[in-house]
$ cat final.cif   # mmCIF, C-alpha atoms
data_work
loop_
_atom_site.group_PDB
_atom_site.id
_atom_site.type_symbol
_atom_site.label_atom_id
_atom_site.label_comp_id
_atom_site.auth_asym_id
_atom_site.auth_seq_id
_atom_site.Cartn_x
_atom_site.Cartn_y
_atom_site.Cartn_z
ATOM 1 C CA MET A 197 1.216 54.448 83.803
ATOM 2 C CA GLY A 198 -0.117 51.480 85.716
ATOM 3 C CA SER A 199 1.411 48.052 85.716
ATOM 4 C CA GLY A 200 -1.515 46.822 83.632
ATOM 5 C CA ALA A 201 -0.678 49.206 80.821
ATOM 6 C CA GLN A 202 3.013 48.272 81.055
ATOM 7 C CA SER A 203 2.113 44.622 80.801
ATOM 8 C CA GLU A 204 -0.175 45.348 77.874
ATOM 9 C CA ILE A 205 2.539 47.130 75.919
ATOM 10 C CA ALA A 206 5.124 44.462 76.803
ATOM 11 C CA ASP A 207 2.808 41.782 75.428
ATOM 12 C CA ALA A 208 2.117 43.812 72.303
ATOM 13 C CA LEU A 209 5.832 44.428 71.755
ATOM 14 C CA ALA A 210 6.487 40.719 72.058
ATOM 15 C CA ARG A 211 3.918 40.071 69.339
ATOM 16 C CA LEU A 212 5.473 42.723 67.094
ATOM 17 C CA TRP A 213 8.943 41.280 67.685
ATOM 18 C CA THR A 214 7.727 37.887 66.508
ATOM 19 C CA LYS A 215 6.000 39.456 63.534
ATOM 20 C CA PHE A 216 9.044 41.425 62.382
ATOM 21 C CA LEU A 217 11.788 38.970 63.350
ATOM 22 C CA PRO A 218 12.137 37.598 59.794
ATOM 23 C CA ASP A 219 12.637 41.135 58.431
ATOM 24 C CA ILE A 220 15.174 41.926 61.128
ATOM 25 C CA LEU A 221 17.133 38.735 60.456
ATOM 26 C CA GLU A 222 17.048 39.475 56.737
ATOM 27 C CA ARG A 223 18.860 42.749 57.446
ATOM 28 C CA VAL A 224 21.514 40.800 59.333
ATOM 29 C CA CYS A 225 21.858 38.520 56.286
ATOM 30 C CA VAL A 226 22.592 41.604 54.196
ATOM 31 C CA LEU A 227 25.397 42.479 56.606
ATOM 32 C CA GLU A 228 26.740 38.914 56.546
ATOM 33 C CA SER A 229 26.812 38.939 52.752
ATOM 34 C CA ALA A 230 28.512 42.304 52.634
ATOM 35 C CA GLY A 231 31.112 41.171 55.145
ATOM 36 C CA ALA A 232 31.819 38.075 53.077
ATOM 37 C CA ALA A 233 32.089 40.154 49.919
ATOM 38 C CA LEU A 234 34.461 42.547 51.658
ATOM 39 C CA SER A 235 36.641 39.638 52.710
ATOM 40 C CA ALA A 236 36.669 38.364 49.153
ATOM 41 C CA GLY A 237 37.451 41.799 47.761
ATOM 42 C CA THR A 238 34.237 41.873 45.744
ATOM 43 C CA LEU A 239 32.147 44.370 47.704
ATOM 44 C CA GLY A 240 30.553 46.703 45.161
ATOM 45 C CA ALA A 241 29.000 50.107 45.702
ATOM 46 C CA GLU A 242 25.459 48.805 45.509
ATOM 47 C CA GLU A 243 26.012 46.048 48.044
ATOM 48 C CA ARG A 244 27.870 48.445 50.298
ATOM 49 C CA ALA A 245 24.956 50.911 50.182
ATOM 50 C CA ALA A 246 22.531 48.085 50.941
ATOM 51 C CA ALA A 247 24.656 47.097 53.938
ATOM 52 C CA ALA A 248 24.702 50.680 55.195
ATOM 53 C CA ALA A 249 20.916 50.874 54.864
ATOM 54 C CA ALA A 250 20.407 47.537 56.614
ATOM 55 C CA ALA A 251 22.702 48.583 59.456
ATOM 56 C CA HIS A 252 20.888 51.911 59.759
ATOM 57 C CA LYS A 253 17.527 50.181 60.093
ATOM 58 C CA LEU A 254 18.882 47.720 62.630
ATOM 59 C CA ALA A 255 20.352 50.574 64.661
ATOM 60 C CA GLY A 256 16.959 52.230 64.759
ATOM 61 C CA VAL A 257 14.865 49.242 65.652
ATOM 62 C CA LEU A 258 16.906 46.982 67.927
ATOM 63 C CA GLY A 259 17.084 49.406 70.831
ATOM 64 C CA THR A 260 13.376 50.030 70.536
ATOM 65 C CA PHE A 261 12.918 46.352 71.340
ATOM 66 C CA GLY A 262 15.328 46.640 74.264
ATOM 67 C CA LEU A 263 18.479 45.511 72.469
ATOM 68 C CA ALA A 264 20.731 48.516 73.072
ATOM 69 C CA GLU A 265 23.871 46.481 72.430
ATOM 70 C CA GLY A 266 22.494 45.564 69.029
ATOM 71 C CA THR A 267 21.943 49.215 68.220
ATOM 72 C CA ALA A 268 25.555 50.026 69.155
ATOM 73 C CA LEU A 269 26.910 47.260 66.924
ATOM 74 C CA ALA A 270 24.650 48.226 64.037
ATOM 75 C CA ARG A 271 25.774 51.856 64.330
ATOM 76 C CA GLU A 272 29.393 50.745 64.099
ATOM 77 C CA ALA A 273 28.608 48.798 60.926
ATOM 78 C CA GLU A 274 26.583 51.681 59.477
ATOM 79 C CA ALA A 275 29.403 54.155 60.079
ATOM 80 C CA SER A 276 31.841 51.877 58.338
ATOM 81 C CA TYR A 277 29.708 51.006 55.323
ATOM 82 C CA SER A 278 28.692 54.675 54.950
ATOM 83 C CA ALA A 279 32.294 55.887 54.972
ATOM 84 C CA ASN A 280 33.403 57.940 52.018
ATOM 85 C CA SER A 281 36.294 55.762 50.959
ATOM 86 C CA ALA A 282 37.198 52.117 51.091
ATOM 87 C CA SER A 283 40.098 52.975 53.377
ATOM 88 C CA ASP A 284 37.576 54.182 55.970
ATOM 89 C CA LEU A 285 36.028 50.751 56.206
ATOM 90 C CA VAL A 286 37.002 48.901 59.338
ATOM 91 C CA GLY A 287 38.405 45.491 58.593
ATOM 92 C CA ALA A 288 36.343 42.732 57.100
ATOM 93 C CA PRO A 289 36.887 40.485 60.146
ATOM 94 C CA ARG A 290 35.306 43.114 62.403
ATOM 95 C CA LEU A 291 32.317 43.638 60.122
ATOM 96 C CA ARG A 292 31.774 39.894 59.860
ATOM 97 C CA GLN A 293 32.047 39.626 63.639
ATOM 98 C CA ILE A 294 29.434 42.362 64.046
ATOM 99 C CA ALA A 295 27.020 40.440 61.834
ATOM 100 C CA ILE A 296 27.592 37.273 63.860
ATOM 101 C CA GLU A 297 27.066 39.109 67.151
ATOM 102 C CA LEU A 298 23.917 40.777 65.880
ATOM 103 C CA ASP A 299 22.506 37.443 64.797
ATOM 104 C CA LYS A 300 23.218 35.984 68.227
ATOM 105 C CA ILE A 301 21.734 38.953 70.116
ATOM 106 C CA ILE A 302 18.592 38.885 68.017
ATOM 107 C CA ARG A 303 18.060 35.140 68.229
ATOM 108 C CA THR A 304 18.709 35.171 71.969
ATOM 109 C CA ARG A 305 15.899 37.629 72.481
ATOM 110 C CA GLY A 306 13.747 35.148 70.704
ATOM 111 C CA MET B 202 -17.403 67.517 68.673
ATOM 112 C CA LEU B 203 -14.278 69.375 69.642
ATOM 113 C CA ARG B 204 -11.879 70.462 66.911
ATOM 114 C CA ASP B 205 -8.221 69.888 66.178
ATOM 115 C CA GLY B 206 -8.137 66.575 67.885
ATOM 116 C CA LEU B 207 -8.130 68.161 71.320
ATOM 117 C CA ARG B 208 -10.987 66.046 72.435
ATOM 118 C CA MET B 209 -11.629 65.094 75.965
ATOM 119 C CA SER B 210 -11.950 61.368 76.233
ATOM 120 C CA LEU B 211 -12.997 59.412 79.203
ATOM 121 C CA LEU B 212 -10.756 56.420 79.553
ATOM 122 C CA ALA B 213 -10.689 53.839 82.209
ATOM 123 C CA ALA B 214 -7.992 54.485 84.719
ATOM 124 C CA ALA B 215 -4.905 52.442 84.134
ATOM 125 C CA ALA B 216 -4.847 49.172 85.940
ATOM 126 C CA GLY B 217 -3.324 49.539 89.347
ATOM 127 C CA GLU B 218 -4.946 52.824 90.151
ATOM 128 C CA PRO B 219 -7.104 52.579 93.248
ATOM 129 C CA GLY B 220 -10.772 52.109 92.573
ATOM 130 C CA GLY B 221 -10.457 51.879 88.823
ATOM 131 C CA VAL B 222 -12.110 55.286 88.531
ATOM 132 C CA LEU B 223 -12.596 57.036 85.231
ATOM 133 C CA ARG B 224 -10.351 59.952 84.463
ATOM 134 C CA ALA B 225 -10.410 62.556 81.772
ATOM 135 C CA VAL B 226 -7.357 62.721 79.534
ATOM 136 C CA MET B 227 -6.498 64.970 76.656
ATOM 137 C CA SER B 228 -6.369 62.989 73.447
ATOM 138 C CA HIS B 229 -4.306 64.017 70.447
ATOM 139 C CA ARG B 230 -4.178 62.983 66.841
ATOM 140 C CA ILE B 231 -0.777 61.935 65.552
ATOM 141 C CA LEU B 232 0.310 61.004 62.048
ATOM 142 C CA ILE B 233 3.346 58.731 61.813
ATOM 143 C CA ILE B 234 5.184 58.775 58.476
ATOM 144 C CA ASP B 235 7.829 56.049 58.300
ATOM 145 C CA ASP B 236 8.703 53.520 55.620
ATOM 146 C CA GLU B 237 9.809 50.897 58.136
ATOM 147 C CA ASP B 238 6.860 48.725 59.115
ATOM 148 C CA ASP B 239 8.347 47.685 62.455
ATOM 149 C CA ILE B 240 9.123 51.202 63.630
ATOM 150 C CA ARG B 241 5.750 52.480 62.429
ATOM 151 C CA GLU B 242 3.831 49.777 64.251
ATOM 152 C CA VAL B 243 5.800 50.052 67.488
ATOM 153 C CA ALA B 244 5.403 53.835 67.525
ATOM 154 C CA ALA B 245 1.679 53.557 66.840
ATOM 155 C CA LEU B 246 1.282 50.933 69.533
ATOM 156 C CA SER B 247 3.190 53.104 71.964
ATOM 157 C CA LEU B 248 1.178 56.270 71.368
ATOM 158 C CA GLU B 249 -2.152 54.477 71.389
ATOM 159 C CA THR B 250 -1.497 52.261 74.392
ATOM 160 C CA VAL B 251 0.573 54.484 76.627
ATOM 161 C CA ALA B 252 -0.999 57.863 75.858
ATOM 162 C CA GLY B 253 -4.383 56.929 74.444
ATOM 163 C CA TRP B 254 -3.824 59.106 71.385
ATOM 164 C CA ASP B 255 -5.416 58.574 67.993
ATOM 165 C CA VAL B 256 -2.851 57.502 65.429
ATOM 166 C CA ALA B 257 -2.824 57.416 61.651
ATOM 167 C CA VAL B 258 0.081 56.074 59.633
ATOM 168 C CA ALA B 259 1.670 56.512 56.227
ATOM 169 C CA SER B 260 4.506 54.461 54.758
ATOM 170 C CA SER B 261 6.013 57.076 52.436
ATOM 171 C CA GLY B 262 6.466 60.808 52.170
ATOM 172 C CA ALA B 263 4.018 61.043 49.282
ATOM 173 C CA GLN B 264 1.380 59.060 51.158
ATOM 174 C CA GLY B 265 2.050 61.163 54.231
ATOM 175 C CA LEU B 266 1.305 64.410 52.400
ATOM 176 C CA VAL B 267 -2.122 63.112 51.398
ATOM 177 C CA ARG B 268 -2.852 61.622 54.813
ATOM 178 C CA ALA B 269 -1.828 64.816 56.620
ATOM 179 C CA ALA B 270 -4.259 66.912 54.596
ATOM 180 C CA GLU B 271 -7.087 64.415 55.181
ATOM 181 C CA TYR B 272 -6.478 63.612 58.822
ATOM 182 C CA ASN B 273 -5.483 67.059 60.091
ATOM 183 C CA PRO B 274 -3.341 65.712 62.923
ATOM 184 C CA ASP B 275 -2.170 67.720 65.919
ATOM 185 C CA ALA B 276 1.393 66.678 65.112
ATOM 186 C CA ILE B 277 3.366 64.603 62.635
ATOM 187 C CA LEU B 278 6.143 62.193 63.533
ATOM 188 C CA LEU B 279 8.273 62.079 60.385
ATOM 189 C CA ASP B 280 11.070 59.645 59.584
ATOM 190 C CA VAL B 281 14.170 61.179 57.999
ATOM 191 C CA MET B 282 15.530 58.410 55.791
ATOM 192 C CA MET B 283 12.886 57.149 53.406
ATOM 193 C CA PRO B 284 13.190 56.062 49.781
ATOM 194 C CA GLY B 285 11.783 58.476 47.256
ATOM 195 C CA MET B 286 10.713 61.566 49.172
ATOM 196 C CA ASP B 287 12.791 61.677 52.345
ATOM 197 C CA GLY B 288 11.799 63.353 55.607
ATOM 198 C CA PRO B 289 13.236 66.829 54.928
ATOM 199 C CA SER B 290 11.637 66.910 51.451
ATOM 200 C CA THR B 291 8.323 65.776 52.904
ATOM 201 C CA PHE B 292 8.558 68.480 55.557
ATOM 202 C CA ARG B 293 9.098 71.166 52.917
ATOM 203 C CA GLU B 294 6.077 69.941 50.952
ATOM 204 C CA LEU B 295 3.956 69.948 54.102
ATOM 205 C CA ARG B 296 4.899 73.564 54.672
ATOM 206 C CA LYS B 297 3.892 74.526 51.126
ATOM 207 C CA ASN B 298 0.323 73.265 51.539
ATOM 208 C CA PRO B 299 -1.952 75.656 53.453
ATOM 209 C CA LEU B 300 -3.828 72.651 54.858
ATOM 210 C CA THR B 301 -0.717 71.248 56.500
ATOM 211 C CA ALA B 302 1.616 74.219 56.817
ATOM 212 C CA ARG B 303 0.940 74.822 60.503
ATOM 213 C CA ILE B 304 0.985 71.243 61.748
ATOM 214 C CA PRO B 305 3.927 70.728 64.121
ATOM 215 C CA VAL B 306 6.437 68.224 62.755
ATOM 216 C CA LEU B 307 8.880 66.158 64.783
ATOM 217 C CA LEU B 308 11.613 64.370 62.906
ATOM 218 C CA LEU B 309 12.457 60.828 63.923
ATOM 219 C CA THR B 310 15.934 59.679 63.001
ATOM 220 C CA ALA B 311 18.566 57.074 63.746
ATOM 221 C CA LYS B 312 21.253 59.542 62.630
ATOM 222 C CA VAL B 313 23.309 60.506 65.630
ATOM 223 C CA GLN B 314 26.067 62.580 64.017
ATOM 224 C CA SER B 315 26.061 66.149 65.299
ATOM 225 C CA ASN B 316 26.231 67.641 61.788
ATOM 226 C CA ASP B 317 23.101 65.692 60.845
ATOM 227 C CA GLN B 318 21.353 66.919 63.979
ATOM 228 C CA ARG B 319 22.210 70.551 63.182
ATOM 229 C CA ARG B 320 20.997 70.123 59.611
ATOM 230 C CA PHE B 321 17.665 68.721 60.807
ATOM 231 C CA ALA B 322 17.189 71.389 63.452
ATOM 232 C CA ASP B 323 17.829 74.080 60.843
ATOM 233 C CA LEU B 324 14.870 72.864 58.817
ATOM 234 C CA GLY B 325 12.462 74.480 61.264
ATOM 235 C CA VAL B 326 10.876 71.363 62.712
ATOM 236 C CA GLU B 327 9.531 71.423 66.248
ATOM 237 C CA ALA B 328 11.953 68.803 67.500
ATOM 238 C CA VAL B 329 14.233 65.985 66.486
ATOM 239 C CA LEU B 330 13.661 62.665 68.230
ATOM 240 C CA PHE B 331 16.009 59.736 67.984
ATOM 241 C CA LYS B 332 15.750 56.059 67.204
ATOM 242 C CA PRO B 333 15.841 53.849 69.037
ATOM 243 C CA PHE B 334 13.093 55.222 71.226
ATOM 244 C CA ASP B 335 11.579 53.812 74.377
ATOM 245 C CA PRO B 336 7.989 52.812 73.617
ATOM 246 C CA LEU B 337 7.044 53.598 77.198
ATOM 247 C CA THR B 338 8.229 57.203 77.011
ATOM 248 C CA LEU B 339 7.797 58.200 73.353
ATOM 249 C CA SER B 340 4.516 59.981 74.012
ATOM 250 C CA ALA B 341 6.078 61.909 76.889
ATOM 251 C CA GLN B 342 8.925 62.985 74.600
ATOM 252 C CA ILE B 343 6.463 64.253 72.018
ATOM 253 C CA ALA B 344 4.271 65.954 74.592
ATOM 254 C CA GLY B 345 7.289 67.604 76.156
ATOM 255 C CA ALA B 346 8.596 68.844 72.827
ATOM 256 C CA LEU B 347 5.224 70.331 71.936
ATOM 257 C CA GLY B 348 4.406 71.729 75.353
ATOM 258 C CA TRP B 349 1.423 69.462 75.814
ATOM 259 C CA SER B 350 0.630 68.949 79.459
#
$ encode --input "final.cif" --output "structure tokens"
Amino acid sequence: MGSGAQSEIADALARLWTKFLPDILERVCVLESAGAALSAGTLGAEERAAAAAAAHKLAGVLGTFGLAEGTALAREAEASYSANSASDLVGAPRLRQIAIELDKIIRTRG
Amino acid sequence: MLRDGLRMSLLAAAAGEPGGVLRAVMSHRILIIDDEDDIREVAALSLETVAGWDVAVASSGAQGLVRAAEYNPDAILLDVMMPGMDGPSTFRELRKNPLTARIPVLLLTAKVQSNDQRRFADLGVEAVLFKPFDPLTLSAQIAGALGWS
């Protein structure tokens, strides 16, 4: 593939990133809310499932836009929120930290 | 008109190639079934821009079944986790329809657990590809999995 085609796809990816950034940040908000609920001891099954789904989608998309670190963090959150029992959840501080780091990584990419 | 999407297209040589000559490339028709708008659009962009393939899209398993029968693609890129009819269920329905039963299907998943991978491979799909994917190499992954030169 020539450099022209690479430049073309890079430009198109940048446009798609801008287009989908609100959706991506919304998924991070779901993780932030779930982390807060976990801290407060109020995380219900529905919210936990929503967090697992949001983390799964983030894991799939962030690396596609070049954010491999974001994919790794999202996978960690997905594994925790998808765990079979509450005792399998990593601590609330870690899940809240993951949401904060994801937000930073995403906003830094701009 | 050549059939099955295996049409020879003349495309301008990619920028950077000496002389800007025209070259013949084999074009394919791909159907992407994925409920996530961002993944669907990036994959479509990738296959169209990098490989010059024709791409159709569907945002659900049910829509994908209809689109597959209409579009008769050379291959289907099928997301695993979708609300309603998920990827494995969609694959089974595709196999039941004589119009779509022989279309190669590649699953696309963000699931990385080995037990998930075994379960998907056991379905009988052509290949399992993983998210995140590199938009610059997705078409090469598909072509390699399907033996397209």
$ resolve_selection --input "final.cif" --expression "the PyMOL selection byres ((chain B) within 12 of (chain A))" --output "PyMOL selection string"
chain B and resi 213-219+221+235-253+280-284+309-314+330-341
$ atom_distance --input "final.cif" --atom1 "CA of Tyr272 in chain B" --atom2 "CA of Ile233 in chain B"
11.4 Å
$ closest_residue --input "final.cif" --among "B:Val256, B:Ala269, B:Val326, B:Ala346" --to "Phe292 in chain B" --atoms "only C-alpha atoms"
B:Val326
$ atom_distance --input "final.cif" --atom1 "CA of Arg244 in chain A" --atom2 "CA of Arg303 in chain A"
24.4 Å
$ atom_distance --input "final.cif" --atom1 "CA of Ser290 in chain B" --atom2 "CA of Gly325 in chain B"
12.4 Å
$ resolve_selection --input "final.cif" --expression "the PyMOL selection byres ((chain A and resi 224) around 9)" --output "list in words"
Asp219, Ile220, Leu221, Glu222, Arg223, Cys225, Val226, Leu227, Glu228, Ser229, Ala247, Ala250, Ala251, Leu254, Ala295, Ile296, Leu298 and Asp299 of chain A
$ axis_aligned_box --input "final.cif" --around "range 220-237 of chain A" --padding-each-side "8 Å" --output "JSON"
{"center_x": 26.3, "center_y": 40.4, "center_z": 54.4, "size_x": 38.3, "size_y": 20.7, "size_z": 29.4}
$ residues_around --input "final.cif" --residues "Asn298 in chain B" --least-positions-apart "3" --cutoff "9 Å" --atoms "only C-alpha atoms" --output "VMD selection string"
chain B and resid 266 270 294 to 295 301 to 302
$ write_last_selection --input "final.cif" --atoms "C-alpha atoms" --output "short mmCIF file (atom, residue, chain, number, x, y, z; two decimals), in the coordinates of the input"
data_model
loop_
_atom_site.label_atom_id
_atom_site.label_comp_id
_atom_site.auth_asym_id
_atom_site.auth_seq_id
_atom_site.Cartn_x
_atom_site.Cartn_y
_atom_site.Cartn_z
CA LEU B 266 1.30 64.41 52.40
CA ALA B 270 -4.26 66.91 54.60
CA GLU B 294 6.08 69.94 50.95
CA LEU B 295 3.96 69.95 54.10
CA THR B 301 -0.72 71.25 56.50
CA ALA B 302 1.62 74.22 56.82
#
$ closest_residue --input "final.cif" --among "A:Ala241, A:Arg292, A:Ala273, A:Gly266" --to "Thr304 in chain A" --atoms "only C-alpha atoms"
A:Gly266
$ closest_residue --input "final.cif" --among "B:Ile277, B:Leu307, B:Val329, B:Ile234" --to "Ser260 in chain B" --atoms "only C-alpha atoms"
B:Ile234
$ closest_residue --input "final.cif" --among "A:Lys300, A:Leu239, A:Gly231, A:Ala245" --to "Gly287 in chain A" --atoms "only C-alpha atoms"
A:Gly231
$ resolve_selection --input "final.cif" --expression "the PyMOL selection byres ((chain B and resi 273) around 10)" --output "PyMOL selection string"
chain B and resi 204-206+230-232+268-272+274-277+300-301+304
$ decode --input "final.cif" --residues "range 257-277 of chain A" --atoms "N, CA and C atoms" --output "JSON list (two decimals), in the first residue's frame"
[["chain", "number", "residue", "atom", "x", "y", "z"],
["A", 257, "VAL", "N", -12.86, -1.45, 20.44],
["A", 257, "VAL", "CA", -12.70, -0.32, 19.53],
["A", 257, "VAL", "C", -11.43, 0.49, 19.79],
["A", 258, "LEU", "N", -10.98, 0.58, 21.03],
["A", 258, "LEU", "CA", -9.88, 1.51, 21.31],
["A", 258, "LEU", "C", -8.59, 1.11, 20.57],
["A", 259, "GLY", "N", -8.27, -0.16, 20.59],
["A", 259, "GLY", "CA", -7.08, -0.60, 19.88],
["A", 259, "GLY", "C", -7.17, -0.38, 18.38],
["A", 260, "THR", "N", -8.38, -0.46, 17.86],
["A", 260, "THR", "CA", -8.57, -0.23, 16.43],
["A", 260, "THR", "C", -8.19, 1.20, 16.07],
["A", 261, "PHE", "N", -8.36, 2.10, 17.03],
["A", 261, "PHE", "CA", -7.95, 3.49, 16.81],
["A", 261, "PHE", "C", -6.54, 3.74, 17.35],
["A", 262, "GLY", "N", -5.79, 2.69, 17.59],
["A", 262, "GLY", "CA", -4.40, 2.83, 17.99],
["A", 262, "GLY", "C", -4.16, 2.94, 19.48],
["A", 263, "LEU", "N", -5.22, 2.76, 20.28],
["A", 263, "LEU", "CA", -5.07, 2.91, 21.73],
["A", 263, "LEU", "C", -5.01, 1.53, 22.40],
["A", 264, "ALA", "N", -3.91, 0.84, 22.20],
["A", 264, "ALA", "CA", -3.77, -0.52, 22.73],
["A", 264, "ALA", "C", -3.84, -0.55, 24.26],
["A", 265, "GLU", "N", -3.30, 0.46, 24.89],
["A", 265, "GLU", "CA", -3.35, 0.53, 26.36],
["A", 265, "GLU", "C", -4.79, 0.63, 26.84],
["A", 266, "GLY", "N", -5.59, 1.36, 26.09],
["A", 266, "GLY", "CA", -7.01, 1.47, 26.43],
["A", 266, "GLY", "C", -7.71, 0.13, 26.33],
["A", 267, "THR", "N", -7.38, -0.63, 25.30],
["A", 267, "THR", "CA", -7.96, -1.96, 25.15],
["A", 267, "THR", "C", -7.59, -2.84, 26.34],
["A", 268, "ALA", "N", -6.34, -2.78, 26.77],
["A", 268, "ALA", "CA", -5.90, -3.62, 27.90],
["A", 268, "ALA", "C", -6.66, -3.26, 29.19],
["A", 269, "LEU", "N", -6.83, -1.97, 29.42],
["A", 269, "LEU", "CA", -7.56, -1.54, 30.62],
["A", 269, "LEU", "C", -9.03, -1.94, 30.53],
["A", 270, "ALA", "N", -9.62, -1.77, 29.36],
["A", 270, "ALA", "CA", -11.03, -2.12, 29.20],
["A", 270, "ALA", "C", -11.23, -3.62, 29.38],
["A", 271, "ARG", "N", -10.29, -4.41, 28.91],
["A", 271, "ARG", "CA", -10.39, -5.87, 29.10],
["A", 271, "ARG", "C", -10.35, -6.24, 30.58],
["A", 272, "GLU", "N", -9.50, -5.54, 31.32],
["A", 272, "GLU", "CA", -9.43, -5.80, 32.76],
["A", 272, "GLU", "C", -10.77, -5.49, 33.42],
["A", 273, "ALA", "N", -11.37, -4.37, 33.03],
["A", 273, "ALA", "CA", -12.68, -4.01, 33.60],
["A", 273, "ALA", "C", -13.75, -5.01, 33.15],
["A", 274, "GLU", "N", -13.71, -5.41, 31.89],
["A", 274, "GLU", "CA", -14.72, -6.36, 31.40],
["A", 274, "GLU", "C", -14.63, -7.69, 32.16],
["A", 275, "ALA", "N", -13.40, -8.17, 32.35],
["A", 275, "ALA", "CA", -13.23, -9.44, 33.07],
["A", 275, "ALA", "C", -13.79, -9.34, 34.47],
["A", 276, "SER", "N", -13.60, -8.22, 35.10],
["A", 276, "SER", "CA", -14.08, -8.07, 36.47],
["A", 276, "SER", "C", -15.60, -7.96, 36.52],
["A", 277, "TYR", "N", -16.16, -7.10, 35.69],
["A", 277, "TYR", "CA", -17.62, -6.93, 35.72],
["A", 277, "TYR", "C", -18.37, -8.16, 35.19]]
